[in-house]
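Novice: Data file upload-v3.txt (compact mmCIF, C-alpha atoms) is appended below.
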# COMPACT_ATOMS: atom_id res chain seq x y z
CA MET A 1 -21.80 41.22 187.85
CA ARG A 2 -22.68 40.57 191.49
CA ILE A 3 -23.11 43.92 193.25
CA VAL A 4 -23.70 44.86 196.88
CA ILE A 5 -25.24 48.31 197.38
CA LYS A 6 -25.30 49.85 200.85
CA ILE A 7 -27.62 52.79 201.45
CA GLY A 8 -27.04 54.99 204.48
CA THR A 9 -29.68 56.56 206.70
CA SER A 10 -28.92 60.07 205.45
CA THR A 11 -29.69 58.93 201.89
CA LEU A 12 -32.98 57.28 202.82
CA ALA A 13 -34.41 59.88 205.18
CA HIS A 14 -34.87 63.59 205.57
CA PRO A 15 -33.18 65.26 208.58
CA THR A 16 -36.53 64.83 210.34
CA GLY A 17 -36.02 61.07 210.23
CA LEU A 18 -39.00 60.60 207.93
CA LEU A 19 -38.60 58.83 204.61
CA ASN A 20 -37.28 60.77 201.62
CA VAL A 21 -39.96 59.33 199.36
CA ARG A 22 -38.75 60.80 196.06
CA ARG A 23 -35.18 59.60 196.54
CA VAL A 24 -36.11 56.10 197.71
CA GLU A 25 -38.48 55.69 194.77
CA ALA A 26 -35.68 56.70 192.38
CA LEU A 27 -33.19 54.35 194.05
CA CYS A 28 -35.54 51.38 193.77
CA LYS A 29 -36.24 52.21 190.12
CA VAL A 30 -32.53 52.35 189.23
CA MET A 31 -31.69 49.19 191.20
CA SER A 32 -34.57 47.38 189.47
CA ASP A 33 -33.23 48.47 186.10
CA ILE A 34 -29.73 47.28 187.03
CA LYS A 35 -31.20 43.92 188.01
CA ASN A 36 -33.19 43.78 184.76
CA ALA A 37 -29.90 44.24 182.89
CA GLY A 38 -28.70 40.92 184.31
CA HIS A 39 -26.74 41.99 187.38
CA GLU A 40 -27.24 40.32 190.74
CA VAL A 41 -28.06 42.94 193.37
CA ILE A 42 -27.87 42.68 197.16
CA LEU A 43 -29.05 45.67 199.16
CA VAL A 44 -27.68 46.46 202.62
CA SER A 45 -30.00 49.08 204.01
CA SER A 46 -29.61 51.31 207.02
CA GLY A 47 -32.47 53.43 208.24
CA ALA A 48 -34.50 51.23 210.60
CA ILE A 49 -33.68 53.22 213.73
CA GLY A 50 -33.91 56.55 211.90
CA MET A 51 -37.30 55.72 210.43
CA GLY A 52 -38.49 54.43 213.78
CA VAL A 53 -37.50 57.72 215.38
CA GLY A 54 -39.59 59.60 212.83
CA LYS A 55 -42.50 57.17 213.06
CA LEU A 56 -42.58 57.37 216.86
CA GLY A 57 -42.31 61.15 216.80
CA LEU A 58 -39.14 61.23 218.89
CA ARG A 59 -37.25 64.51 218.92
CA GLN A 60 -33.85 62.92 218.34
CA ARG A 61 -32.13 59.59 217.88
CA PRO A 62 -32.13 57.82 221.28
CA SER A 63 -28.86 57.06 223.03
CA ASP A 64 -29.95 54.16 225.27
CA ILE A 65 -30.07 50.63 223.85
CA PRO A 66 -33.72 49.77 224.72
CA SER A 67 -34.99 52.90 222.97
CA LYS A 68 -32.79 52.22 219.93
CA GLN A 69 -34.11 48.67 219.76
CA ALA A 70 -37.70 49.88 220.09
CA ALA A 71 -37.17 52.42 217.29
CA ALA A 72 -35.59 49.73 215.13
CA ALA A 73 -38.55 47.38 215.69
CA VAL A 74 -40.96 50.05 214.45
CA GLY A 75 -38.71 51.36 211.68
CA GLN A 76 -37.81 47.98 210.20
CA CYS A 77 -41.49 47.27 209.48
CA GLU A 78 -41.84 50.60 207.70
CA LEU A 79 -38.60 50.12 205.78
CA MET A 80 -39.44 46.67 204.44
CA TYR A 81 -43.02 47.66 203.63
CA THR A 82 -41.63 50.50 201.52
CA TYR A 83 -39.06 48.34 199.71
CA ASP A 84 -41.58 45.56 199.05
CA LYS A 85 -44.09 48.02 197.60
CA LEU A 86 -41.59 49.86 195.40
CA PHE A 87 -39.69 46.84 194.05
CA SER A 88 -42.96 45.02 193.39
CA GLU A 89 -43.89 47.78 190.97
CA TYR A 90 -40.96 46.57 188.82
CA HIS A 91 -41.80 42.87 189.36
CA HIS A 92 -38.96 42.10 191.76
CA THR A 93 -39.39 40.01 194.88
CA VAL A 94 -37.52 41.15 197.98
CA ALA A 95 -36.29 39.06 200.89
CA GLN A 96 -35.38 40.33 204.35
CA LEU A 97 -32.34 39.10 206.28
CA LEU A 98 -31.64 40.51 209.76
CA ILE A 99 -28.34 39.36 211.21
CA THR A 100 -26.06 39.88 214.20
CA GLY A 101 -22.34 39.53 214.69
CA ASP A 102 -22.73 35.84 215.52
CA ASP A 103 -24.09 35.20 212.04
CA THR A 104 -20.81 36.38 210.53
CA ASP A 105 -18.39 35.23 213.25
CA ASP A 106 -19.61 31.67 213.85
CA PRO A 107 -18.50 29.41 210.95
CA VAL A 108 -21.70 27.33 210.88
CA ARG A 109 -24.06 30.29 211.08
CA HIS A 110 -21.99 32.21 208.53
CA ARG A 111 -22.19 29.29 206.12
CA ASN A 112 -25.95 29.08 206.59
CA PHE A 113 -26.27 32.83 206.02
CA THR A 114 -24.17 32.65 202.85
CA ASN A 115 -26.06 29.62 201.53
CA THR A 116 -29.36 31.44 202.04
CA LEU A 117 -28.08 34.51 200.20
CA ASN A 118 -26.82 32.46 197.26
CA ARG A 119 -30.07 30.51 197.02
CA LEU A 120 -32.14 33.70 197.09
CA MET A 121 -30.15 35.07 194.17
CA GLU A 122 -30.54 31.78 192.28
CA LEU A 123 -34.28 32.20 192.73
CA GLY A 124 -34.13 35.73 191.36
CA ALA A 125 -34.97 37.49 194.63
CA LEU A 126 -33.41 40.74 195.80
CA PRO A 127 -32.01 40.24 199.32
CA ILE A 128 -32.27 43.22 201.67
CA ILE A 129 -29.96 42.97 204.67
CA ASN A 130 -29.71 44.94 207.87
CA GLU A 131 -28.20 44.32 211.25
CA ASN A 132 -30.83 43.05 213.68
CA ASP A 133 -30.90 46.23 215.72
CA THR A 134 -33.85 45.00 217.80
CA VAL A 135 -31.61 42.45 219.57
CA ALA A 136 -28.04 43.43 218.73
CA THR A 137 -25.96 45.11 221.42
CA GLU A 138 -22.33 46.22 221.37
CA GLU A 139 -21.36 42.68 222.38
CA LEU A 140 -23.48 40.98 219.72
CA GLY A 141 -23.49 43.52 216.95
CA ILE A 142 -21.35 44.18 213.91
CA GLY A 143 -21.60 47.87 214.71
CA ASP A 144 -22.18 49.54 211.36
CA ASN A 145 -23.60 48.72 207.97
CA ASP A 146 -20.47 49.73 206.05
CA THR A 147 -18.61 46.83 207.66
CA LEU A 148 -21.65 44.58 207.27
CA ALA A 149 -21.84 45.38 203.55
CA ALA A 150 -18.15 44.53 203.10
CA ILE A 151 -18.60 41.22 204.95
CA VAL A 152 -21.56 40.42 202.70
CA ALA A 153 -19.57 41.31 199.57
CA LYS A 154 -16.71 39.08 200.68
CA SER A 155 -19.03 36.23 201.65
CA VAL A 156 -20.78 36.04 198.28
CA HIS A 157 -17.69 36.89 196.17
CA ALA A 158 -19.19 40.12 194.85
CA GLU A 159 -17.22 42.06 192.27
CA LEU A 160 -18.31 45.48 193.50
CA LEU A 161 -19.53 47.16 196.68
CA ILE A 162 -21.12 50.60 196.42
CA LEU A 163 -21.56 52.68 199.58
CA LEU A 164 -24.12 55.45 199.13
CA SER A 165 -24.22 58.17 201.78
CA ASP A 166 -24.27 61.96 202.13
CA ILE A 167 -20.64 62.44 201.05
CA ASP A 168 -19.09 62.49 197.58
CA GLY A 169 -16.14 60.29 198.54
CA LEU A 170 -12.79 60.50 200.31
CA TYR A 171 -11.22 63.98 200.38
CA THR A 172 -7.70 65.15 201.08
CA ALA A 173 -9.17 67.18 203.98
CA ASP A 174 -12.54 67.89 205.54
CA PRO A 175 -14.48 69.68 202.74
CA HIS A 176 -16.81 71.22 205.34
CA THR A 177 -13.95 73.25 206.83
CA ASP A 178 -11.21 73.30 204.18
CA PRO A 179 -12.09 74.89 200.82
CA THR A 180 -8.90 73.46 199.28
CA ALA A 181 -9.96 69.85 199.96
CA LYS A 182 -9.85 67.68 196.84
CA LEU A 183 -11.81 64.52 196.11
CA LEU A 184 -9.66 61.43 195.66
CA ARG A 185 -10.96 59.54 192.63
CA ARG A 186 -8.91 56.36 193.07
CA VAL A 187 -7.27 54.66 196.04
CA THR A 188 -5.10 51.59 195.50
CA ALA A 189 -3.89 50.98 199.07
CA ILE A 190 -5.09 51.80 202.58
CA ASP A 191 -2.04 53.16 204.38
CA ASP A 192 -1.55 55.44 207.40
CA HIS A 193 -1.87 58.54 205.23
CA ILE A 194 -5.27 57.43 203.91
CA ARG A 195 -6.44 56.48 207.42
CA CYS A 196 -5.54 59.96 208.66
CA LEU A 197 -7.99 61.43 206.16
CA ALA A 198 -10.94 59.70 207.83
CA GLY A 199 -13.42 61.96 209.59
CA VAL A 200 -16.66 61.39 211.48
CA SER A 201 -20.33 61.30 210.53
CA GLN A 202 -21.63 64.82 209.86
CA THR A 203 -25.37 64.15 210.12
CA GLY A 204 -25.79 62.41 213.46
CA GLN A 205 -28.42 60.15 211.84
CA GLY A 206 -26.32 57.06 211.16
CA THR A 207 -23.58 55.14 212.91
CA GLY A 208 -20.94 55.29 210.20
CA GLY A 209 -18.40 57.77 208.95
CA MET A 210 -15.26 57.62 206.84
CA VAL A 211 -13.52 55.41 209.41
CA THR A 212 -16.02 52.59 208.87
CA LYS A 213 -15.92 53.09 205.11
CA LEU A 214 -12.14 52.67 205.04
CA ARG A 215 -12.51 49.54 207.16
CA ALA A 216 -14.97 48.25 204.58
CA ALA A 217 -12.55 49.13 201.78
CA GLU A 218 -9.80 47.10 203.43
CA ILE A 219 -12.06 44.05 203.68
CA CYS A 220 -13.03 44.37 200.03
CA MET A 221 -9.57 45.03 198.65
CA GLU A 222 -8.16 42.02 200.48
CA CYS A 223 -10.55 39.73 198.63
CA GLY A 224 -10.32 41.40 195.22
CA CYS A 225 -13.64 43.26 195.36
CA GLN A 226 -13.76 46.87 194.19
CA MET A 227 -15.52 49.43 196.36
CA VAL A 228 -16.92 52.86 195.57
CA ILE A 229 -17.99 55.60 197.98
CA ALA A 230 -20.49 57.92 196.32
CA ASN A 231 -23.18 60.45 197.14
CA GLY A 232 -26.65 58.90 197.20
CA ASN A 233 -28.40 62.17 196.36
CA ASN A 234 -28.42 61.22 192.67
CA PRO A 235 -29.49 57.56 192.28
CA ALA A 236 -28.61 57.63 188.57
CA ASN A 237 -24.95 57.71 189.63
CA LEU A 238 -25.26 53.94 190.03
CA TYR A 239 -25.30 53.61 186.24
CA GLY A 240 -22.11 55.61 185.89
CA ILE A 241 -20.36 53.64 188.63
CA LEU A 242 -21.13 50.36 186.85
CA GLU A 243 -19.81 51.85 183.61
CA GLY A 244 -16.52 52.72 185.35
CA ARG A 245 -16.94 56.49 185.30
CA GLU A 246 -15.14 58.70 187.79
CA ILE A 247 -17.90 59.04 190.34
CA GLY A 248 -17.01 59.22 194.01
CA THR A 249 -13.90 57.41 195.22
CA ARG A 250 -13.07 53.96 193.84
CA PHE A 251 -10.96 51.59 195.91
CA ILE A 252 -9.20 48.97 193.84
CA MET A 253 -6.18 46.80 194.61
CA GLU A 254 -3.53 47.05 191.92
CA VAL A 255 -1.82 43.81 190.94
Spell out the structure here as structure tokens.

Specialist:
Amino acid sequence: MRIVIKIGTSTLAHPTGLLNVRRVEALCKVMSDIKNAGHEVILVSSGAIGMGVGKLGLRQRPSDIPSKQAAAAVGQCELMYTYDKLFSEYHHTVAQLLITGDDTDDPVRHRNFTNTLNRLMELGALPIINENDTVATEELGIGDNDTLAAIVAKSVHAELLILLSDIDGLYTADPHTDPTAKLLRRVTAIDDHIRCLAGVSQTGQGTGGMVTKLRAAEICMECGCQMVIANGNNPANLYGILEGREIGTRFIMEV
């Protein structure tokens, strides 16, 4: 199976912005094991700006573009150093791809991007993708890594996209304010009712939220790719998701 796994900033880092070492080590171990089992794995990783904020000792995530780009430039080095070190322990070679909106919108550049991804997987590498936050602006950028992950999944004909963040899945209401909120285990269509359930990011660390995850689900379902939203606090959940267990919310188009 060809799998795209997107890891959000809140999964990678502590609220301080510094790396959650224990969790990232566990994630890399599980993903290495999944790859050893014969699956093709592509990782879409957030966290560059968040890690840059922590590394630079900033009090909070910057709001102006130059500061965000500066934080991303520092954080991306730290992020890839960490992934390279951890995956190397399990004898996997990583490759970094930083892209902007033009790389997915322009047909020629999109084809080149896709060809590179496919060739990397043929060579047994583990591609790690992030938006190029050091140069991307609102005009050039994709905007969030949930959408980016869905575009990647569609581009390489992946069978499954897994979005790991700080939420368990899609609820019938906001579980932070409504104790009666129930987790939806399976969604077969994105309609107005489902869209109304979308909330906003609770942590303030990342750029996503349920709105971007539903957008990603629509992209995936249109091309026949399943998508799962799950909590990244327990990396072992990846095993259960691949086995089809009821973990998080699974989006699947019924035929």

Novice: To one decimal place in Å, what is the distance between CA of Leu238 in chain A and CA of Val30 in chain A?

Specialist: 7.5 Å

Novice: Which is closest to Gln76 in chain A among A:Ser10, A:Thr116, A:Ser165, A:Ser45, if we use only C-alpha atoms?

Specialist: A:Ser45

Novice: Skip Gly240 in chain A itself and residues of its chain fewer than 3 positions away, then list as an MDAnalysis selection string all residues within 12 Å of it, counting only C-alpha atoms.

Specialist: chainID A and resid 30 34 162 228 230 234:237 243:248

Novice: Which neighbours of Gly169 in chain A fall inside 8 Å, counting all atoms listed in the file, when residues of the same chain fewer than 5 positions from it are skipped, and could you give them as an NGL selection string?

Specialist: :A and (183-185 or 229-231 or 248-249)

Novice: One decimal, in Å: what's the spacing between CA of Val4 in chain A and CA of Ala153 in chain A?

Specialist: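 Spanning CA of Val4 in chain A to CA of Ala153 in chain A is a straight-line distance of 6.1 Å.
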
Novice: Need the shell around Pro175 in chain A: protein/DNA/RNA residues with any atom at most 12 Å away, counting all atoms listed in the file. Skip same-chain ones fewer than 5 positions apart. Format as a list in words?

Specialist: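 Within the cut-off, the hits are Ile167, Asp168, Gly169, Leu170, Thr180, Ala181, Lys182, Leu183, Leu184, Leu197, Ala198, Gly199 and Gln202 of chain A.
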
Novice: Go through A:Val74, A:Ala95, A:Leu126, A:Ala13 and flag the residue nearest His39 in chain A, using all atoms listed in the file for the distances.

Specialist: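 Answer, going by the shortest atom-to-atom distance: A:Leu126.
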
Novice: Using all atoms listed in the file, determine which residues lie at most 9 Å from Val41 in chain A, disregarding the query and same-chain residues fewer than 5 positions distant; provide the list as a list in words.

Specialist: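 Final neighbour list, sorted by chain and number: Met1, Arg2, Ile3, Val4, Ile5, Met31, Ser32, Ile34, Lys35, Met121, Ala125, Leu126 and Pro127 of chain A.
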
Novice: So how many Å separate CA of Glu78 in chain A and CA of Lys55 in chain A, to one decimal?

Specialist: 8.5 Å

Novice: Around all listed atoms of range 21-35 of chain A, padded 8 Å per side, what centre and edge lengths does the axis-aligned box have in Å to one decimal, as JSON?

Specialist:
{"center_x": -34.8, "center_y": 52.4, "center_z": 192.7, "size_x": 26.2, "size_y": 32.9, "size_z": 29.3}

Novice: For Leu43 in chain A, which residue out of A:Val108, A:Ile194, A:Leu97, A:Leu19 is the nearest one, using only C-alpha atoms?

Specialist: A:Leu97

Novice: Got a sec: who's within 12 Å of Val21 in chain A, counting all atoms listed in the file, leaving out chain neighbours fewer than 4 positions off, as a PyMOL selection string?

Specialist: chain A and resi 11-14+17+25-28+51+79+82-83+86

Novice: Output C-alpha atoms for every residue in the selection just made, as a JSON list (two decimals), in the coordinates of the input.

Specialist:
[["chain", "number", "residue", "atom", "x", "y", "z"],
["A", 11, "THR", "CA", -29.69, 58.93, 201.89],
["A", 12, "LEU", "CA", -32.98, 57.28, 202.82],
["A", 13, "ALA", "CA", -34.41, 59.88, 205.18],
["A", 14, "HIS", "CA", -34.87, 63.59, 205.57],
["A", 17, "GLY", "CA", -36.02, 61.07, 210.23],
["A", 25, "GLU", "CA", -38.48, 55.69, 194.77],
["A", 26, "ALA", "CA", -35.68, 56.70, 192.38],
["A", 27, "LEU", "CA", -33.19, 54.35, 194.05],
["A", 28, "CYS", "CA", -35.54, 51.38, 193.77],
["A", 51, "MET", "CA", -37.30, 55.72, 210.43],
["A", 79, "LEU", "CA", -38.60, 50.12, 205.78],
["A", 82, "THR", "CA", -41.63, 50.50, 201.52],
["A", 83, "TYR", "CA", -39.06, 48.34, 199.71],
["A", 86, "LEU", "CA", -41.59, 49.86, 195.40]]

Novice: Pick out the closest residue to Ala72 in chain A from this set: A:Asn130, A:Arg23, A:Thr100, A:Val94. Count only C-alpha atoms.

Specialist: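 For Ala72 in chain A, the nearest of the candidates is A:Asn130.
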
Novice: Find the residue from A:Arg250, A:Asp103, A:Asn233, A:Pro15 that sits nearest to Asn132 in chain A; use all atoms listed in the file when measuring.

Specialist: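 Comparing A:Arg250, A:Asp103, A:Asn233, A:Pro15 against Asn132 in chain A, the winner is A:Asp103.
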
Novice: Using only C-alpha atoms, can you tell me which of A:Gly8, A:Glu254, A:Ala71, A:Met210 comes closest to Gly224 in chain A?

Specialist: A:Glu254
